>>> print(open('structure.cif').read())   # mmCIF, C-alpha atoms
data_input
#
loop_
_atom_site.label_atom_id
_atom_site.label_comp_id
_atom_site.auth_asym_id
_atom_site.auth_seq_id
_atom_site.Cartn_x
_atom_site.Cartn_y
_atom_site.Cartn_z
CA MET A 1 56.41 -70.04 -8.47
CA MET A 2 53.08 -68.44 -9.34
CA ASP A 3 51.89 -68.71 -12.87
CA ARG A 4 52.51 -65.46 -14.83
CA SER A 5 48.92 -65.43 -16.08
CA HIS A 6 47.68 -65.73 -12.50
CA ILE A 7 49.76 -62.71 -11.44
CA GLU A 8 48.43 -60.65 -14.32
CA SER A 9 44.90 -61.69 -13.40
CA GLN A 10 45.43 -60.47 -9.83
CA ARG A 11 46.79 -57.18 -11.15
CA GLY A 12 43.71 -56.79 -13.31
CA VAL A 13 41.41 -57.40 -10.35
CA ALA A 14 43.37 -54.86 -8.27
CA LEU A 15 43.14 -52.30 -11.06
CA MET A 16 39.42 -52.92 -11.38
CA MET A 17 38.94 -52.49 -7.62
CA ALA A 18 40.94 -49.27 -7.72
CA LEU A 19 38.83 -47.92 -10.56
CA ILE A 20 35.65 -48.83 -8.70
CA ALA A 21 36.97 -47.07 -5.57
CA VAL A 22 37.85 -43.96 -7.58
CA PHE A 23 34.41 -44.00 -9.20
CA LEU A 24 32.70 -44.30 -5.82
CA LEU A 25 34.88 -41.51 -4.46
CA ILE A 26 33.87 -39.27 -7.36
CA ILE A 27 30.21 -40.01 -6.70
CA VAL A 28 30.61 -39.23 -3.01
CA THR A 29 32.49 -36.02 -3.86
CA PHE A 30 29.74 -34.86 -6.24
CA GLU A 31 27.08 -35.78 -3.67
CA VAL A 32 28.84 -33.80 -0.94
CA GLU A 33 29.31 -30.84 -3.26
CA SER A 34 25.65 -30.96 -4.31
CA THR A 35 24.54 -31.13 -0.68
CA VAL A 36 26.75 -28.19 0.19
CA ARG A 37 25.30 -26.15 -2.70
CA VAL A 38 21.75 -26.96 -1.63
CA GLU A 39 22.48 -26.04 1.97
CA GLN A 40 24.17 -22.82 0.88
CA PHE A 41 21.14 -22.01 -1.27
CA ILE A 42 18.75 -22.69 1.63
CA THR A 43 20.91 -20.69 4.02
CA SER A 44 21.11 -17.82 1.54
CA ASN A 45 17.31 -17.79 1.09
CA VAL A 46 16.76 -17.80 4.85
CA ASP A 47 19.26 -14.95 5.13
CA ILE A 48 17.50 -12.94 2.43
CA ASP A 49 14.08 -13.66 3.95
CA THR A 50 15.32 -12.40 7.31
CA LYS A 51 16.72 -9.23 5.77
CA LEU A 52 13.51 -8.52 3.87
CA GLU A 53 11.39 -9.19 6.96
CA PHE A 54 13.41 -6.74 9.03
CA ALA A 55 13.19 -4.22 6.18
CA LEU A 56 9.39 -4.54 6.15
CA GLU A 57 9.31 -3.85 9.89
CA SER A 58 11.41 -0.74 9.26
CA GLY A 59 8.92 0.35 6.60
CA ARG A 60 6.05 -0.14 9.04
CA GLU A 61 7.78 2.16 11.53
CA VAL A 62 8.29 4.75 8.78
CA GLY A 63 4.58 4.63 7.96
CA ILE A 64 3.44 4.88 11.59
CA ALA A 65 5.88 7.72 12.28
CA THR A 66 4.52 9.58 9.23
CA LEU A 67 0.94 9.19 10.49
CA ARG A 68 1.91 10.30 13.99
CA GLU A 69 3.72 13.40 12.72
CA ASP A 70 0.80 14.30 10.47
CA ARG A 71 -1.63 14.27 13.42
CA GLN A 72 0.67 16.63 15.32
CA GLN A 73 0.58 19.12 12.44
CA THR A 74 -3.15 19.14 11.67
CA GLU A 75 -6.25 17.13 12.50
CA ILE A 76 -7.65 17.63 8.99
CA ASP A 77 -6.60 14.88 6.58
CA SER A 78 -6.25 15.54 2.88
CA GLU A 79 -4.47 14.33 -0.25
CA PHE A 80 -1.72 16.89 0.41
CA ASP A 81 -0.56 15.26 3.64
CA ALA A 82 2.82 13.51 3.75
CA TRP A 83 1.20 10.11 4.36
CA ALA A 84 -0.76 10.44 1.08
CA LYS A 85 2.43 10.31 -1.02
CA LEU A 86 4.58 7.30 -1.85
CA ILE A 87 7.60 7.15 0.45
CA VAL A 88 10.77 5.64 -1.04
CA HIS A 89 14.02 4.83 0.75
CA ASN A 90 16.73 3.84 -1.71
CA ASP A 91 19.68 3.69 0.67
CA LEU A 92 18.62 1.40 3.51
CA MET A 93 21.97 -0.05 4.58
CA GLU A 94 23.61 -1.57 7.67
CA ALA A 95 23.56 1.69 9.62
CA ASP A 96 19.75 1.95 9.29
CA VAL A 97 18.93 -1.20 11.22
CA ALA A 98 19.26 -2.58 14.71
CA THR A 99 22.23 -4.88 14.11
CA GLU A 100 25.28 -4.61 11.88
CA GLU A 101 24.65 -8.07 10.44
CA PHE A 102 21.21 -7.07 9.10
CA MET A 103 22.24 -5.90 5.65
CA GLN A 104 25.77 -7.27 5.35
CA LEU A 105 26.49 -9.23 2.21
CA ASN A 106 29.85 -10.39 0.92
CA GLU A 107 30.81 -10.14 -2.75
CA GLU A 108 30.45 -13.89 -3.36
CA ASP A 109 26.87 -13.96 -1.99
CA SER A 110 26.03 -10.79 -3.92
CA SER A 111 27.23 -12.28 -7.20
CA ARG A 112 25.40 -15.55 -6.61
CA ASN A 113 22.04 -14.05 -5.59
CA GLY A 114 21.97 -10.99 -7.83
CA GLU A 115 21.81 -8.71 -4.79
CA THR A 116 23.21 -5.22 -4.56
CA GLY A 117 23.88 -5.01 -0.81
CA GLN A 118 21.13 -2.39 -0.67
CA THR A 119 17.43 -2.60 0.10
CA THR A 120 14.81 -0.25 -1.32
CA LEU A 121 11.65 0.38 0.68
CA TYR A 122 8.34 1.52 -0.81
CA VAL A 123 5.82 2.70 1.78
CA ARG A 124 2.32 3.49 0.48
CA ILE A 125 -0.39 4.57 2.92
CA TYR A 126 -4.08 4.52 2.03
CA ASP A 127 -6.85 6.24 3.95
CA GLU A 128 -9.39 3.58 4.90
CA CYS A 129 -11.74 6.44 5.83
CA GLY A 130 -11.64 7.55 2.19
CA LYS A 131 -13.50 4.36 1.22
CA PHE A 132 -17.05 3.03 1.39
CA ASN A 133 -17.57 0.85 4.48
CA LEU A 134 -19.46 -2.36 3.74
CA TYR A 135 -20.83 -2.48 7.27
CA SER A 136 -23.11 0.44 6.45
CA LEU A 137 -25.25 -2.24 4.76
CA MET A 138 -25.89 -3.84 8.14
CA THR A 139 -28.56 -1.30 9.13
CA GLN A 140 -32.05 -2.55 10.01
CA ASN A 141 -33.73 0.63 8.75
CA GLU A 142 -35.15 -0.14 5.31
CA ASP A 143 -34.92 3.43 3.99
CA THR A 144 -31.30 3.79 5.14
CA LEU A 145 -30.47 0.36 3.71
CA ARG A 146 -31.89 1.34 0.34
CA LYS A 147 -29.75 4.50 0.28
CA ARG A 148 -26.62 2.62 1.38
CA LYS A 149 -27.21 -0.01 -1.32
CA GLU A 150 -27.50 2.69 -3.94
CA GLY A 151 -24.30 4.23 -2.60
CA LEU A 152 -22.35 0.97 -2.90
CA ALA A 153 -23.81 0.36 -6.35
CA ASN A 154 -22.49 3.80 -7.34
CA VAL A 155 -19.02 2.75 -6.19
CA LEU A 156 -19.18 -0.54 -8.11
CA ASP A 157 -20.49 1.24 -11.18
CA ARG A 158 -17.61 3.74 -11.18
CA PHE A 159 -14.49 2.12 -9.72
CA ARG A 160 -13.22 0.82 -13.08
CA GLU A 161 -14.76 3.40 -15.34
CA GLY A 162 -12.68 3.61 -18.51
CA PHE A 163 -10.97 0.26 -17.85
CA ASP A 164 -11.66 -3.33 -18.83
CA GLY A 165 -14.03 -4.91 -16.35
CA ASP A 166 -16.18 -1.79 -15.92
CA LEU A 167 -19.57 -2.73 -14.45
CA GLY A 168 -22.95 -1.41 -15.50
CA TRP A 169 -25.46 -0.05 -12.99
CA ASN A 170 -27.77 -3.09 -13.06
CA GLU A 171 -24.88 -5.52 -12.53
CA ALA A 172 -23.54 -3.31 -9.74
CA MET A 173 -26.92 -3.34 -8.01
CA GLN A 174 -27.18 -7.13 -8.26
CA ILE A 175 -23.75 -7.53 -6.67
CA THR A 176 -24.75 -5.07 -3.94
CA ASP A 177 -27.88 -7.09 -3.12
CA GLU A 178 -25.83 -10.29 -2.84
CA LEU A 179 -23.22 -8.63 -0.64
CA ALA A 180 -25.92 -7.31 1.69
CA ILE A 181 -27.31 -10.85 2.07
CA TYR A 182 -23.83 -12.26 2.62
CA LEU A 183 -22.95 -9.69 5.31
CA LYS A 184 -26.14 -10.42 7.23
CA ARG A 185 -25.69 -14.18 7.22
CA THR A 186 -25.83 -15.96 10.58
CA LYS A 187 -24.34 -19.27 11.61
CA GLU A 188 -27.75 -20.90 11.21
CA GLU A 189 -28.29 -19.36 7.77
CA ASN A 190 -24.75 -19.86 6.53
CA LYS A 191 -25.72 -22.24 3.72
CA SER A 192 -22.41 -21.81 1.92
CA GLY A 193 -20.62 -23.71 4.66
CA ILE A 194 -17.96 -21.03 5.06
CA PRO A 195 -16.31 -21.12 8.51
CA MET A 196 -17.09 -18.03 10.58
CA ALA A 197 -14.55 -16.46 12.90
CA PRO A 198 -15.41 -17.31 16.54
CA THR A 199 -14.14 -13.95 17.75
CA LYS A 200 -16.54 -11.95 15.57
CA ALA A 201 -20.28 -11.49 15.58
CA ASP A 202 -22.51 -13.19 13.03
CA GLY A 203 -22.00 -11.91 9.52
CA THR A 204 -18.89 -9.85 10.22
CA LEU A 205 -15.53 -10.10 8.47
CA THR A 206 -12.00 -10.37 9.83
CA ASP A 207 -10.45 -9.48 6.47
CA LEU A 208 -11.83 -7.73 3.40
CA ALA A 209 -10.68 -10.71 1.30
CA GLU A 210 -13.46 -12.78 2.88
CA ILE A 211 -16.01 -11.17 0.54
CA LEU A 212 -14.51 -13.43 -2.14
CA TYR A 213 -16.55 -16.21 -0.50
CA SER A 214 -19.71 -14.38 -1.48
CA LYS A 215 -19.22 -15.70 -5.06
CA VAL A 216 -20.23 -12.35 -6.61
CA ILE A 217 -16.79 -10.79 -6.05
CA THR A 218 -13.89 -12.35 -7.97
CA PRO A 219 -10.15 -11.95 -7.30
CA GLY A 220 -9.80 -10.14 -10.62
CA MET A 221 -12.39 -7.62 -9.43
CA LEU A 222 -11.10 -7.17 -5.88
CA TRP A 223 -7.38 -6.82 -6.58
CA ASP A 224 -5.34 -4.65 -8.95
CA GLN A 225 -4.74 -5.88 -12.48
CA LEU A 226 -2.49 -4.81 -15.36
CA ASP A 227 -3.74 -4.08 -18.85
CA GLU A 228 -2.73 -6.19 -21.84
CA ASP A 229 0.41 -4.10 -22.38
CA GLY A 230 1.41 -4.54 -18.75
CA THR A 231 1.91 -0.79 -18.34
CA THR A 232 -1.35 0.52 -16.86
CA VAL A 233 -2.71 -0.40 -13.44
CA ILE A 234 -6.40 -1.31 -13.43
CA PRO A 235 -7.47 -0.51 -9.85
CA GLY A 236 -8.97 -3.21 -7.68
CA LEU A 237 -12.10 -2.76 -5.60
CA PHE A 238 -10.06 -2.96 -2.39
CA ARG A 239 -8.95 0.62 -3.09
CA PHE A 240 -12.57 1.82 -2.79
CA ILE A 241 -14.25 -0.28 -0.10
CA THR A 242 -13.30 -1.17 3.48
CA ILE A 243 -14.46 -2.83 6.68
CA TRP A 244 -12.23 -0.78 9.00
CA SER A 245 -13.43 2.83 8.97
CA ASP A 246 -16.06 4.48 11.17
CA GLN A 247 -18.53 4.31 8.24
CA GLN A 248 -17.76 7.89 7.19
CA ILE A 249 -16.02 8.89 3.96
CA ASN A 250 -13.36 11.60 4.07
CA ILE A 251 -14.36 14.15 1.44
CA ASN A 252 -10.73 15.35 1.18
CA THR A 253 -9.21 11.95 0.44
CA GLY A 254 -11.93 9.77 -1.08
CA SER A 255 -11.72 8.98 -4.80
CA GLY A 256 -14.51 9.96 -7.16
CA ALA A 257 -15.88 6.41 -7.06
CA SER A 258 -15.79 6.27 -3.25
CA LEU A 259 -17.43 9.70 -2.89
CA ALA A 260 -20.26 8.52 -5.14
CA GLY A 261 -21.08 6.16 -2.28
CA LEU A 262 -22.38 9.14 -0.31
CA PHE A 263 -25.25 9.71 -2.73
CA GLY A 264 -28.29 8.00 -4.14
CA SER A 265 -28.43 6.78 -7.71
CA SER A 266 -29.87 10.04 -9.09
CA GLU A 267 -27.28 12.21 -7.29
CA ALA A 268 -24.09 10.25 -7.96
CA SER A 269 -22.82 12.91 -10.39
CA LEU A 270 -22.37 15.27 -7.43
CA ALA A 271 -19.25 13.27 -6.58
CA ASP A 272 -17.78 14.65 -9.82
CA ASN A 273 -18.49 18.19 -8.60
CA ILE A 274 -16.63 17.47 -5.36
CA MET A 275 -13.67 16.13 -7.28
CA ARG A 276 -13.77 19.10 -9.67
CA TYR A 277 -13.49 21.53 -6.76
CA ARG A 278 -10.70 19.47 -5.19
CA THR A 279 -8.82 19.50 -8.50
CA GLU A 280 -9.02 23.30 -8.62
CA VAL A 281 -7.65 23.52 -5.08
CA ALA A 282 -4.96 20.94 -5.92
CA ASP A 283 -3.83 22.98 -8.92
CA ASP A 284 -3.57 26.10 -6.76
CA HIS A 285 -1.73 24.11 -4.11
CA GLU A 286 0.76 22.75 -6.64
CA ARG A 287 1.49 26.23 -7.97
CA GLU A 288 2.06 27.47 -4.44
CA GLU A 289 4.33 24.52 -3.59
CA THR A 290 6.35 25.07 -6.78
CA LYS A 291 6.75 28.73 -5.87
CA LYS A 292 7.94 27.80 -2.36
CA ARG A 293 10.46 25.29 -3.71
CA ASP A 294 11.86 27.86 -6.12
CA GLU A 295 12.13 30.40 -3.31
CA LYS A 296 13.96 27.91 -1.08
CA ARG A 297 16.46 27.15 -3.83
CA GLU A 298 17.02 30.87 -4.37
CA GLN A 299 17.46 31.44 -0.64
CA GLY A 300 19.97 28.58 -0.54
CA ARG A 301 22.00 30.16 -3.32
CA ARG A 302 21.90 33.53 -1.59
CA ALA A 303 22.90 31.96 1.71
CA ASN A 304 26.14 30.86 0.06
CA ASP A 305 26.76 34.33 -1.39
CA PRO A 306 29.07 36.31 0.95
CA GLU A 307 27.72 39.56 -0.48
CA ARG A 308 24.09 38.77 0.27
CA THR A 309 22.07 41.36 2.13
CA PRO A 310 20.03 40.59 5.32
CA GLU A 311 16.84 41.06 3.32
CA ALA A 312 17.89 38.26 0.97
CA ALA A 313 17.52 35.61 3.66
CA GLY A 314 13.75 35.53 3.30
CA THR A 315 11.11 35.39 5.99
CA GLU A 316 9.63 32.64 8.16
CA GLU A 317 6.81 30.64 6.59
CA GLU A 318 3.44 30.61 8.28
CA GLN A 319 2.18 27.09 8.92
CA ASP A 320 -1.07 26.17 7.20
CA VAL A 321 -3.07 24.47 9.94
CA THR A 322 -5.44 22.97 7.34
CA GLY A 323 -2.61 21.23 5.48
CA GLY A 324 -3.99 22.70 2.24
CA ALA A 325 -7.20 20.68 2.49
CA ALA A 326 -9.99 21.58 0.10
CA PHE A 327 -12.58 21.21 2.87
CA GLU A 328 -11.93 22.28 6.47
CA GLN A 329 -15.33 21.01 7.61
CA ILE A 330 -18.16 19.08 6.01
CA ASN A 331 -20.32 22.25 6.01
CA ASP A 332 -18.05 23.49 3.20
CA LEU A 333 -19.83 21.13 0.83
CA LYS A 334 -22.86 23.44 0.78
CA ASP A 335 -20.79 26.55 0.06
CA LYS A 336 -18.11 25.24 -2.26
CA VAL A 337 -19.65 22.42 -4.30
CA GLU A 338 -22.21 23.16 -6.99
CA GLY A 339 -25.43 21.19 -6.70
CA ILE A 340 -25.23 20.23 -3.02
CA THR A 341 -28.31 21.79 -1.49
CA GLN A 342 -29.26 21.88 2.17
CA ASP A 343 -31.56 18.91 1.64
CA ILE A 344 -28.84 16.80 0.00
CA TYR A 345 -26.34 17.87 2.64
CA ASN A 346 -28.68 16.73 5.39
CA LYS A 347 -28.87 13.29 3.79
CA ILE A 348 -25.09 12.77 3.44
CA SER A 349 -23.64 14.69 6.40
CA THR A 350 -23.82 11.66 8.72
CA PHE A 351 -21.55 9.71 6.38
CA ALA A 352 -19.04 12.47 5.56
CA THR A 353 -15.96 13.63 7.48
CA VAL A 354 -12.69 15.55 7.08
CA GLN A 355 -10.78 13.59 9.73
CA SER A 356 -9.45 10.06 9.25
CA SER A 357 -8.61 7.54 11.93
CA VAL A 358 -7.80 4.27 10.12
CA PHE A 359 -5.11 3.71 7.49
CA SER A 360 -3.62 0.77 5.62
CA VAL A 361 0.18 0.81 5.41
CA PHE A 362 1.56 -1.17 2.45
CA VAL A 363 5.31 -1.83 2.57
CA THR A 364 7.37 -3.43 -0.20
CA ALA A 365 11.03 -4.32 0.42
CA LYS A 366 13.15 -4.97 -2.66
CA ARG A 367 16.67 -6.37 -2.52
CA GLY A 368 18.21 -7.27 -5.85
CA GLN A 369 15.85 -9.66 -7.63
CA TYR A 370 13.96 -10.44 -4.42
CA ARG A 371 10.96 -8.58 -3.04
CA ARG A 372 8.33 -9.01 -0.36
CA SER A 373 5.26 -7.00 0.63
CA LYS A 374 3.18 -6.76 3.77
CA MET A 375 0.32 -4.58 4.95
CA TRP A 376 -0.81 -3.26 8.32
CA ILE A 377 -4.20 -1.78 9.20
CA VAL A 378 -3.49 0.99 11.73
CA ARG A 379 -5.93 2.98 13.84
CA ARG A 380 -4.54 6.36 14.84
CA THR A 381 -5.71 7.34 18.34
CA ASP A 382 -4.81 10.01 20.89
CA GLN A 383 -3.01 7.30 22.86
CA GLY A 384 -0.94 6.34 19.82
CA PRO A 385 -1.30 3.99 16.83
CA ARG A 386 -3.00 0.62 17.27
CA ILE A 387 -2.46 -2.19 14.76
CA LEU A 388 -5.72 -3.91 13.84
CA LEU A 389 -4.47 -6.37 11.22
CA VAL A 390 -1.19 -7.66 9.79
CA ARG A 391 -1.03 -9.78 6.66
CA PRO A 392 1.40 -10.56 3.83
CA VAL A 393 0.42 -9.04 0.50
CA THR A 394 -0.18 -12.16 -1.55
CA PHE A 395 -2.51 -10.38 -3.97
CA PRO A 396 -1.58 -8.07 -6.89
CA HIS A 397 -0.84 -4.54 -5.69
CA TYR A 398 0.96 -2.15 -8.00
CA LEU A 399 2.59 1.24 -7.70
CA THR A 400 2.13 3.47 -10.73
CA VAL A 401 5.06 4.88 -12.67
CA ASP A 402 3.87 8.40 -11.84
CA GLU A 403 3.96 7.65 -8.11
CA VAL A 404 7.51 6.32 -8.26
CA GLU A 405 8.75 9.21 -10.42
CA GLU A 406 7.09 11.79 -8.17
CA ALA A 407 8.68 10.17 -5.11
CA GLY A 408 12.07 10.34 -6.82
CA ASP A 409 11.58 14.04 -7.63
CA ARG A 410 10.69 14.78 -4.00
CA ALA A 411 13.79 12.93 -2.84
CA ASP A 412 15.93 14.99 -5.23
CA ASP A 413 14.38 18.23 -3.92
CA GLU A 414 15.05 17.19 -0.33
CA GLN A 415 18.62 16.34 -1.22
CA ASP A 416 19.10 19.76 -2.82
CA ASN A 417 17.63 21.50 0.23
CA ASN A 418 19.88 19.53 2.56
CA ALA A 419 22.89 20.42 0.45
CA PHE A 420 22.06 24.12 0.75
CA LYS A 421 21.64 23.74 4.52
CA CYS A 422 25.03 22.02 4.85
CA HIS A 423 26.73 24.93 3.15
#
>>> encode(input="structure.cif", output="structure tokens")
Amino acid sequence: MMDRSHIESQRGVALMMALIAVFLLIIVTFEVESTVRVEQFITSNVDIDTKLEFALESGREVGIATLREDRQQTEIDSEFDAWAKLIVHNDLMEADVATEEFMQLNEEDSSRNGETGQTTLYVRIYDECGKFNLYSLMTQNEDTLRKRKEGLANVLDRFREGFDGDLGWNEAMQITDELAIYLKRTKEENKSGIPMAPTKADGTLTDLAEILYSKVITPGMLWDQLDEDGTTVIPGLFRFITIWSDQQININTGSGASLAGLFGSSEASLADNIMRYRTEVADDHEREETKKRDEKREQGRRANDPERTPEAAGTEEEQDVTGGAAFEQINDLKDKVEGITQDIYNKISTFATVQSSVFSVFVTAKRGQYRRSKMWIVRRTDQGPRILLVRPVTFPHYLTVDEVEEAGDRADDEQDNNAFKCH
């Protein structure tokens, strides 16, 4: 017979082995569960990335369709056109995309990722022809170069007026001189060692962000910033300069700082006169639009009144072929803007226009706590839109509270009008 102590010793070893096995099993279980969680997290992120990417493509199509429709209505571009206003889609769901799986999200995934099962699109279109084109500094004519330098210095001097980071005239002129040298660099003279795109000529840029290599333009100057309170957008220089336009500035869409680029240093204040006239026209336009909206609401109410008379239905609106633009042609500058004489007009007419051909389409897709932005540079031609550049928006770009609220008000008005039509 086996010794009792020996039997108990064997039982102890067996118990120890069992405990070790259970411990190892627990470790394996936790490892498997952790791996599953990681894989679920990765899969979820890929799924969200795919949904946001498809949403951005939808936003691009919205922007291009808006530009195409605008050209069909009028060839004059102004700040009153549909493309010039923030476009917001709050209800982009499964039915708005190519496949049913695009926006589907079960309750468990929604709870885990903080998603709402809904994607909001923000589409903001900027007129690249409403900006100062840096390539106008590439001229070989010394007199023209001097005027173009003064024009760009005006833009730099004014683009952050009233904000932190505002430049003085002398500093603006120094930056302009350095940019002119940088733009004219050749491969042989490229002392900074910056790689040059093989598909472009010497000194040219493939992206506006490349001027950051010039050392005189900083990211904080080029891109949008927020003030210390985080409530006010300090505009970046990218909103005022471009490399994509036909070197003409649209007098209906250019900002005050961009319009100052049309003039020499002693005439820069004439940009304020242009903006003053545009503001007067904008005020008249807003009053007229408010009147039209009120009339449509009244007509909608009358349309649902069985006792309405035929006269109550209203009359057909005449289409404004100018789109409400302040200037129908550049000749209007002489007649409508104080201080622009024939001599001044002759100097700036080559660089002014009322028709725009190149636009930047910024699209932001937001889904729960996730968001992604992308931009497209689009040239609008008679043969259709042509995309010149696509890039993710990795730099600060903000939409103002006023823009978002105005877009919401327009959406509410459209919803009211559609409700009247349905009745």
>>> residues_around(input="structure.cif", residues="Glu171 (chain A)", least_positions_apart="3", cutoff="12 Å", atoms="all atoms listed in the file", output="count of residues only")
18
>>> closest_residue(input="structure.cif", among="A:Asn331, A:Leu52, A:Lys85, A:Leu183", to="Leu212 (chain A)", atoms="all atoms listed in the file")
A:Leu183
>>> atom_distance(input="structure.cif", atom1="CA of Asn133 (chain A)", atom2="CA of Thr242 (chain A)")
4.8 Å
>>> closest_residue(input="structure.cif", among="A:Glu150, A:Val62, A:Glu405, A:Val363", to="Tyr122 (chain A)", atoms="only C-alpha atoms")
A:Val363
>>> residues_around(input="structure.cif", residues="Ile340 (chain A)", least_positions_apart="6", cutoff="10 Å", atoms="all atoms listed in the file", output="ChimeraX atom specification")
/A:267,270-271,273-274,333-334,346,348
>>> resolve_selection(input="structure.cif", expression="the PyMOL selection byres ((chain A and resi 180) around 10)", output="PyMOL selection string")
chain A and resi 134-139+145+148-149+175-179+181-185+203+214
>>> atom_distance(input="structure.cif", atom1="CA of Met375 (chain A)", atom2="CA of Leu389 (chain A)")
8.1 Å
